[in-house]
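Next comes target.cif, a file with mmCIF, C-alpha atoms.
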```cif
data_data
loop_
_atom_site.label_atom_id
_atom_site.label_comp_id
_atom_site.auth_asym_id
_atom_site.auth_seq_id
_atom_site.Cartn_x
_atom_site.Cartn_y
_atom_site.Cartn_z
CA MET A 247 35.65 49.71 -100.46
CA GLU A 248 35.61 51.34 -103.88
CA VAL A 249 32.86 49.96 -106.13
CA VAL A 250 32.87 51.00 -109.81
CA ILE A 251 30.24 50.16 -112.45
CA ASP A 252 31.52 49.72 -115.99
CA PRO A 253 29.93 52.57 -118.01
CA ALA A 254 29.98 50.48 -121.21
CA SER A 255 28.06 47.50 -119.78
CA GLY A 256 24.33 46.97 -119.98
CA PHE A 257 21.68 46.79 -122.66
CA CYS A 258 22.72 46.84 -126.30
CA PHE A 259 20.71 48.84 -128.83
CA GLY A 260 18.51 45.91 -129.83
CA VAL A 261 17.45 45.18 -126.26
CA VAL A 262 16.81 48.87 -125.53
CA GLN A 263 14.57 49.03 -128.60
CA ALA A 264 12.59 45.93 -127.55
CA ILE A 265 12.06 47.10 -123.97
CA ASP A 266 11.08 50.59 -125.10
CA ALA A 267 8.53 49.04 -127.48
CA ALA A 268 7.16 46.84 -124.67
CA GLU A 269 6.84 49.68 -122.18
CA LYS A 270 5.08 51.88 -124.73
CA ALA A 271 2.62 49.10 -125.65
CA LEU A 272 1.96 48.31 -121.98
CA THR A 273 0.52 51.77 -121.46
CA ARG A 274 -2.35 50.63 -123.71
CA GLY A 275 -2.94 47.24 -122.07
CA LYS A 276 -1.69 43.68 -121.72
CA VAL A 277 1.11 42.48 -123.97
CA TYR A 278 2.39 38.95 -124.59
CA SER A 279 6.09 38.41 -125.26
CA LEU A 280 7.09 35.35 -127.28
CA GLY A 281 9.55 33.93 -124.78
CA ASP A 282 11.36 36.08 -122.21
CA ILE A 283 11.86 39.53 -123.71
CA VAL A 284 15.45 39.44 -122.48
CA HIS A 285 17.56 36.70 -120.87
CA ASN A 286 17.51 38.35 -117.47
CA LYS A 287 14.91 37.08 -115.01
CA VAL A 288 15.01 40.22 -112.84
CA GLU A 289 14.15 42.51 -115.76
CA VAL A 290 11.49 40.02 -116.90
CA GLN A 291 9.95 40.21 -113.43
CA ARG A 292 9.96 44.02 -113.51
CA LEU A 293 8.17 44.10 -116.86
CA GLY A 294 5.85 41.34 -115.72
CA ALA A 295 4.64 43.59 -112.94
CA LEU A 296 3.69 46.11 -115.65
CA GLY A 297 1.64 43.51 -117.54
CA LEU A 298 4.10 41.85 -119.94
CA GLU A 299 3.42 38.11 -120.00
CA PRO A 300 5.98 35.72 -121.51
CA LEU A 301 4.28 33.23 -123.82
CA ARG A 302 5.62 29.84 -124.89
CA HIS A 303 5.55 29.38 -128.64
CA GLU A 304 3.38 26.28 -128.48
CA LEU A 305 0.66 28.37 -126.76
CA LEU A 306 0.48 31.02 -129.49
CA ASP A 307 -2.54 29.30 -131.07
CA GLY A 308 -4.47 29.79 -127.86
CA VAL A 309 -4.15 33.57 -127.70
CA GLY A 310 -7.38 35.42 -128.41
CA CYS A 311 -7.92 37.32 -131.64
CA GLY A 312 -6.79 40.95 -131.37
CA ALA A 313 -4.29 40.34 -128.58
CA THR A 314 -0.90 42.08 -128.76
CA VAL A 315 2.19 39.91 -129.17
CA LEU A 316 5.73 41.27 -129.07
CA ILE A 317 8.52 39.64 -131.03
CA ARG A 318 11.68 40.22 -129.04
CA ALA A 319 15.10 41.35 -130.23
CA HIS A 320 16.21 37.76 -131.00
CA GLY A 321 13.75 37.59 -133.91
CA GLU A 322 11.52 34.71 -135.04
CA PRO A 323 11.20 32.38 -138.04
CA PRO A 324 8.64 33.20 -140.77
CA SER A 325 6.30 30.48 -139.45
CA VAL A 326 5.64 32.50 -136.29
CA TYR A 327 4.51 35.56 -138.26
CA LYS A 328 2.27 33.35 -140.36
CA THR A 329 0.63 31.83 -137.27
CA ALA A 330 0.19 35.22 -135.59
CA ARG A 331 -1.44 36.71 -138.70
CA SER A 332 -3.78 33.74 -139.06
CA ARG A 333 -4.89 34.27 -135.46
CA GLY A 334 -5.60 37.96 -136.04
CA LEU A 335 -2.98 39.05 -133.53
CA ASN A 336 -1.46 42.51 -133.28
CA ILE A 337 2.29 42.02 -133.83
CA ILE A 338 4.92 44.37 -132.40
CA ASP A 339 8.12 43.42 -134.22
CA ALA A 340 11.06 44.39 -131.99
CA THR A 341 13.61 42.25 -133.84
CA CYS A 342 17.05 43.83 -133.47
CA PRO A 343 18.02 45.52 -136.79
CA VAL A 344 21.32 43.61 -136.78
CA VAL A 345 19.45 40.30 -136.40
CA ALA A 346 16.87 41.26 -139.05
CA ARG A 347 19.71 41.98 -141.49
CA LEU A 348 21.29 38.61 -140.69
CA GLN A 349 17.98 36.84 -141.35
CA LYS A 350 17.97 38.30 -144.87
CA ILE A 351 21.58 37.18 -145.36
CA VAL A 352 20.65 33.62 -144.30
CA ARG A 353 17.82 33.53 -146.86
CA LYS A 354 20.11 34.72 -149.66
CA ALA A 355 22.94 32.38 -148.61
CA HIS A 356 20.58 29.41 -148.52
CA ALA A 357 19.21 30.21 -151.99
CA ARG A 358 22.76 30.49 -153.33
CA MET A 359 23.89 27.22 -151.74
CA LYS A 360 20.78 25.41 -152.96
CA GLU A 361 21.64 26.38 -156.55
CA ARG A 362 25.22 25.16 -156.14
CA GLY A 363 24.54 22.04 -154.08
CA GLY A 364 26.22 23.55 -151.05
CA GLN A 365 25.37 24.11 -147.41
CA VAL A 366 24.94 26.99 -144.97
CA VAL A 367 26.84 26.65 -141.68
CA ILE A 368 25.96 28.91 -138.74
CA LEU A 369 28.15 29.28 -135.68
CA GLY A 370 25.66 29.53 -132.84
CA LYS A 371 24.12 27.97 -129.77
CA LYS A 372 21.68 25.25 -130.75
CA GLY A 373 18.18 26.02 -129.52
CA HIS A 374 18.97 29.67 -128.80
CA ALA A 375 16.08 31.98 -129.74
CA GLU A 376 18.12 33.91 -132.33
CA VAL A 377 19.45 30.70 -133.90
CA VAL A 378 15.95 29.24 -134.11
CA GLY A 379 14.88 32.38 -135.97
CA LEU A 380 17.88 32.14 -138.29
CA THR A 381 17.47 28.46 -139.17
CA GLY A 382 13.77 29.11 -139.79
CA GLN A 383 14.71 31.45 -142.65
CA ALA A 384 15.88 28.33 -144.52
CA ASP A 385 13.23 25.91 -143.24
CA GLY A 386 15.86 24.32 -141.00
CA ASP A 387 18.13 23.44 -143.93
CA VAL A 388 21.27 24.70 -142.17
CA THR A 389 24.02 23.16 -140.08
CA VAL A 390 24.49 24.80 -136.67
CA VAL A 391 27.89 24.35 -135.00
CA GLU A 392 28.89 25.34 -131.49
CA LYS A 393 32.49 24.15 -131.58
CA VAL A 394 35.12 22.74 -133.94
CA ALA A 395 34.06 19.15 -133.21
CA ASP A 396 30.59 19.91 -134.63
CA LEU A 397 32.15 20.40 -138.08
CA GLU A 398 32.01 16.62 -138.48
CA ALA A 399 28.43 17.21 -139.68
CA VAL A 400 29.66 19.31 -142.64
CA ASP A 401 30.34 17.77 -146.07
CA PHE A 402 33.58 19.42 -147.11
CA LYS A 403 33.33 18.09 -150.66
CA LYS A 404 30.51 20.63 -151.20
CA PRO A 405 30.51 24.46 -151.12
CA VAL A 406 30.19 26.00 -147.65
CA TYR A 407 28.74 29.38 -146.64
CA LEU A 408 29.74 30.29 -143.07
CA LEU A 409 27.73 32.77 -140.95
CA SER A 410 27.44 33.44 -137.25
CA GLN A 411 24.90 34.20 -134.56
CA THR A 412 25.34 37.90 -133.76
CA THR A 413 26.58 37.37 -130.18
CA GLN A 414 29.23 34.73 -130.80
CA SER A 415 32.90 35.12 -129.91
CA LEU A 416 35.13 36.57 -132.62
CA ALA A 417 37.96 34.26 -131.57
CA LEU A 418 35.77 31.17 -131.94
CA PHE A 419 34.49 32.37 -135.31
CA GLU A 420 38.07 32.73 -136.54
CA LYS A 421 38.90 29.23 -135.30
CA ILE A 422 35.87 27.73 -137.07
CA LYS A 423 36.70 29.64 -140.25
CA GLU A 424 40.30 28.43 -140.28
CA GLU A 425 39.20 24.84 -139.70
CA ILE A 426 36.69 24.99 -142.55
CA PHE A 427 39.31 26.31 -144.98
CA ALA A 428 41.74 23.61 -143.82
CA ARG A 429 39.23 20.81 -144.39
CA ALA A 430 37.55 22.06 -147.56
CA LEU A 431 38.25 20.01 -150.68
CA ASP A 432 38.24 23.30 -152.62
CA PRO A 433 38.86 26.37 -150.40
CA ALA A 434 37.66 28.56 -153.29
CA GLU A 435 34.18 27.11 -152.67
CA VAL A 436 34.10 28.48 -149.11
CA THR A 437 32.28 31.77 -148.46
CA VAL A 438 32.72 33.46 -145.09
CA HIS A 439 30.45 36.27 -143.90
CA ASP A 440 31.30 37.65 -140.47
CA THR A 441 27.90 38.60 -139.02
CA ILE A 442 28.94 39.09 -135.38
CA CYS A 443 27.57 42.30 -133.89
CA ARG A 444 30.49 44.61 -133.16
CA GLN A 445 28.59 46.43 -130.41
CA VAL A 446 28.75 43.11 -128.58
CA ALA A 447 32.13 41.84 -129.82
CA ASN A 448 33.93 45.10 -128.96
CA ARG A 449 32.97 44.59 -125.33
CA GLU A 450 35.32 41.62 -125.03
CA PRO A 451 38.66 43.52 -125.12
CA HIS A 452 37.11 46.34 -123.08
CA LEU A 453 35.90 44.00 -120.32
CA GLY A 454 39.25 42.22 -120.24
CA GLU A 455 40.96 45.53 -119.55
CA PHE A 456 38.24 46.62 -117.10
CA SER A 457 38.49 43.40 -115.06
CA ARG A 458 42.24 43.69 -114.58
CA ARG A 459 41.80 47.05 -112.80
CA PHE A 460 40.09 45.61 -109.70
CA ASP A 461 40.76 43.24 -106.81
CA ALA A 462 37.45 41.51 -107.55
CA VAL A 463 34.82 41.68 -110.29
CA VAL A 464 31.09 40.99 -110.06
CA PHE A 465 29.52 40.11 -113.40
CA VAL A 466 25.75 40.60 -113.42
CA SER A 467 23.86 38.48 -115.93
CA GLY A 468 20.94 36.13 -116.43
CA ARG A 469 22.18 32.54 -116.44
CA LYS A 470 20.33 31.85 -119.72
CA SER A 471 22.17 34.66 -121.52
CA SER A 472 24.48 33.32 -124.25
CA ASN A 473 26.22 36.68 -124.49
CA GLY A 474 26.54 36.73 -120.70
CA ARG A 475 28.40 33.43 -120.64
CA VAL A 476 30.88 34.66 -123.24
CA LEU A 477 31.56 37.99 -121.51
CA TYR A 478 31.73 36.42 -118.06
CA GLY A 479 34.40 34.07 -119.43
CA VAL A 480 36.38 37.07 -120.71
CA CYS A 481 36.28 38.68 -117.26
CA LEU A 482 37.19 35.44 -115.47
CA GLU A 483 40.19 34.90 -117.73
CA SER A 484 41.42 38.42 -116.96
CA ASN A 485 40.64 38.27 -113.24
CA PRO A 486 40.26 34.90 -111.42
CA ARG A 487 38.28 36.70 -108.70
CA THR A 488 35.31 37.26 -111.00
CA TYR A 489 31.90 36.17 -109.71
CA LEU A 490 28.64 35.68 -111.62
CA VAL A 491 25.38 36.86 -110.04
CA GLU A 492 21.81 37.22 -111.26
CA ASP A 493 20.71 39.38 -108.32
CA VAL A 494 21.90 40.57 -104.91
CA GLU A 495 20.91 37.27 -103.22
CA ASP A 496 23.82 35.59 -105.03
CA LEU A 497 26.46 37.83 -103.40
CA ARG A 498 28.75 36.17 -100.82
CA ASP A 499 30.63 38.05 -98.08
CA GLU A 500 33.74 35.89 -98.49
CA TRP A 501 34.24 37.18 -102.03
CA PHE A 502 35.19 40.59 -100.66
CA GLU A 503 37.56 39.62 -97.84
CA GLY A 504 40.73 41.69 -98.18
CA VAL A 505 39.30 43.46 -101.23
CA SER A 506 39.72 47.23 -101.68
CA THR A 507 38.29 47.67 -105.19
CA VAL A 508 35.37 45.97 -106.92
CA GLY A 509 34.36 46.31 -110.58
CA ILE A 510 30.77 45.63 -111.64
CA CYS A 511 29.89 44.83 -115.24
CA GLY A 512 27.27 42.88 -117.15
CA ALA A 513 25.88 41.37 -120.33
CA THR A 514 24.04 43.12 -123.14
CA SER A 515 20.86 41.82 -121.48
CA THR A 516 21.67 43.30 -118.07
CA PRO A 517 19.80 46.49 -117.11
CA ARG A 518 21.78 49.37 -115.66
CA TRP A 519 19.44 49.61 -112.68
CA LEU A 520 20.29 46.02 -111.70
CA MET A 521 24.04 46.69 -111.74
CA GLU A 522 23.40 49.76 -109.57
CA LYS A 523 21.34 47.61 -107.18
CA VAL A 524 24.24 45.14 -106.87
CA ALA A 525 26.67 48.00 -106.27
CA ARG A 526 24.49 49.34 -103.43
CA ALA A 527 24.33 45.89 -101.85
CA ILE A 528 28.13 45.52 -101.93
CA ARG A 529 28.49 48.95 -100.32
CA GLY A 530 26.04 47.88 -97.62
CA ASP A 531 23.22 50.24 -98.61
CA MET A 532 20.04 49.15 -96.83
CA ASN A 533 17.96 50.39 -99.77
CA CYS A 534 19.68 48.10 -102.25
CA ASN A 535 16.39 46.51 -103.36
CA GLN A 536 15.12 49.69 -104.98
CA HIS A 537 14.57 49.54 -108.73
CA PRO A 538 12.45 51.36 -111.33
#
```
Starting from the file, lay out its structure as structure tokens.
Amino acid sequence: MEVVIDPASGFCFGVVQAIDAAEKALTRGKVYSLGDIVHNKVEVQRLGALGLEPLRHELLDGVGCGATVLIRAHGEPPSVYKTARSRGLNIIDATCPVVARLQKIVRKAHARMKERGGQVVILGKKGHAEVVGLTGQADGDVTVVEKVADLEAVDFKKPVYLLSQTTQSLALFEKIKEEIFARALDPAEVTVHDTICRQVANREPHLGEFSRRFDAVVFVSGRKSSNGRVLYGVCLESNPRTYLVEDVEDLRDEWFEGVSTVGICGATSTPRWLMEKVARAIRGDMNCNQHP
């Protein structure tokens, strides 16, 4: 059986930067991460063994003065920085540069809409770490939509400023944009700013093409990964024999009956070493559980 790993899959720049920052800090001692550093439980476990401890936001007040806290690539609202500073914590800010730029755009868009009596609309997953950080830039005074039906919460008699979470689908963003223009009382009062990360978005057409090349596809991703769900859907649409796994235990022998070629790919939160581990397991390598 031929097993091929997609060379373009794996960590995006923002995740690489955050993990590099964590590993460097861990050489000096214990580090807390506000939430899972990446939406991949296997990578979280690996870093946990090195001393990185995920910390729920509501427990931040209980961390001792001088402790080191890492802000992951998803970013955080201003209130988190304020709390951390008041506690005398050492902050490592690993917010992805693309997300940090978007946070500034949200602040400016909110100020502009406040002056004009308008509203900021963000296409994103409600409750997602990045979206929480984005809405916090405007003290929650934003409307988050996940689908066209959510636009019922928007007042189309007022100006609208549309933005997007960085990992959203380009196709869905276009659909939301078209619907907003169609419903707006005055389309001239609609501002659209495409803030989707192209390093992520460009993977969609690539993975569609990649998936069609194989008898079966194994998509490796944490189940909490928003980006993973989008990209898995792209692969599944291109190849009905696409299977989602978090780790080798999820693999099933029946998936590979009559299969000659298997493609392996993953989300922007999927480490390369994990895709290689899955590939070894499919090939029947007894040492498939090795990892860094």
>> Can you spell out as a list in words the set of residues that the PyMOL selection byres ((chain A and resi 350) around 12) selects in the structure I just provided?
In response: Gly321, Pro323, Pro324, Pro343, Val344, Val345, Ala346, Arg347, Leu348, Gln349, Ile351, Val352, Arg353, Lys354, Ala355, His356, Ala357, Gly379, Leu380, Thr381, Gly382, Gln383, Ala384, Leu409 and Thr441 of chain A
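With all atoms listed in the file as the atoms that count, the residue of A:Pro253, A:Pro486, A:Gly260, A:Gly308 with the shortest distance to Val284 in chain A is A:Gly260.
The gap separating CA of Cys511 in chain A from CA of Glu299 in chain A is 27.7 Å, in Å to one decimal.
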Residues within 10 Å of Arg487 in chain A, only C-alpha atoms, excluding chain neighbours under 2 positions, as a PDB file with C-alpha atoms, keeping the file's coordinate frame:
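Generated output (part04.pdb):
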```pdb
ATOM      1  CA  SER A 457      38.490  43.400-115.060  1.00  0.00           C
ATOM      2  CA  ARG A 458      42.240  43.690-114.580  1.00  0.00           C
ATOM      3  CA  PHE A 460      40.090  45.610-109.700  1.00  0.00           C
ATOM      4  CA  ASP A 461      40.760  43.240-106.810  1.00  0.00           C
ATOM      5  CA  ALA A 462      37.450  41.510-107.550  1.00  0.00           C
ATOM      6  CA  VAL A 463      34.820  41.680-110.290  1.00  0.00           C
ATOM      7  CA  VAL A 464      31.090  40.990-110.060  1.00  0.00           C
ATOM      8  CA  CYS A 481      36.280  38.680-117.260  1.00  0.00           C
ATOM      9  CA  LEU A 482      37.190  35.440-115.470  1.00  0.00           C
ATOM     10  CA  GLU A 483      40.190  34.900-117.730  1.00  0.00           C
ATOM     11  CA  SER A 484      41.420  38.420-116.960  1.00  0.00           C
ATOM     12  CA  ASN A 485      40.640  38.270-113.240  1.00  0.00           C
ATOM     13  CA  TYR A 489      31.900  36.170-109.710  1.00  0.00           C
ATOM     14  CA  TRP A 501      34.240  37.180-102.030  1.00  0.00           C
ATOM     15  CA  PHE A 502      35.190  40.590-100.660  1.00  0.00           C
ATOM     16  CA  VAL A 508      35.370  45.970-106.920  1.00  0.00           C
TER      17      VAL A 508
END
```
> Which residues match the PyMOL selection byres ((chain A and resi 423) around 10) in the file above, as a ChimeraX atom specification?
Replying inline: /A:369,394,408-409,417-422,424-428,436-440
>> Give me, as a list of chain:residue names, all polymer residues having an atom no more than 9 Å from Val315 in chain A, counting all atoms listed in the file and skipping those fewer than 2 positions away in the same chain.
In response: A:Val277, A:Tyr278, A:Ser279, A:Leu280, A:Leu301, A:Ala313, A:Ile317, A:Ala330, A:Leu335, A:Asn336, A:Ile337, A:Ile338, A:Asp339
>> When you count all atoms listed in the file, which of these residues is closest to Cys443 in chain A: A:Ile283, A:Ile528, A:Met521, A:Leu416?
In response: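 Looking at the shortest contact to Cys443 in chain A, the residue is A:Leu416.
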>> I'd like the residues picked by the PyMOL selection byres ((chain A and resi 475) around 12) written out as a ChimeraX atom specification, using the chain letters and numbers from the file.
In response: /A:285,371,413-415,450,465-474,476-482,489-491,512-515
>> One decimal, in Å: what's the spacing between CA of Glu322 in chain A and CA of Thr341 in chain A?
In response: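 About the pair CA of Glu322 in chain A and CA of Thr341 in chain A: they are 7.9 Å apart.
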>> Using all atoms listed in the file, can you tell me which of A:Phe257, A:Lys404, A:Cys342, A:Cys311 comes closest to Thr329 in chain A?
In response: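 That would be A:Cys311, the residue with the smallest distance to Thr329 in chain A.
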> Pick from A:Met359, A:Val366, A:Leu431, A:Leu296: nearest to Ile265 in chain A, with all atoms listed in the file counted?
Replying inline: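 Looking at the shortest contact to Ile265 in chain A, the residue is A:Leu296.
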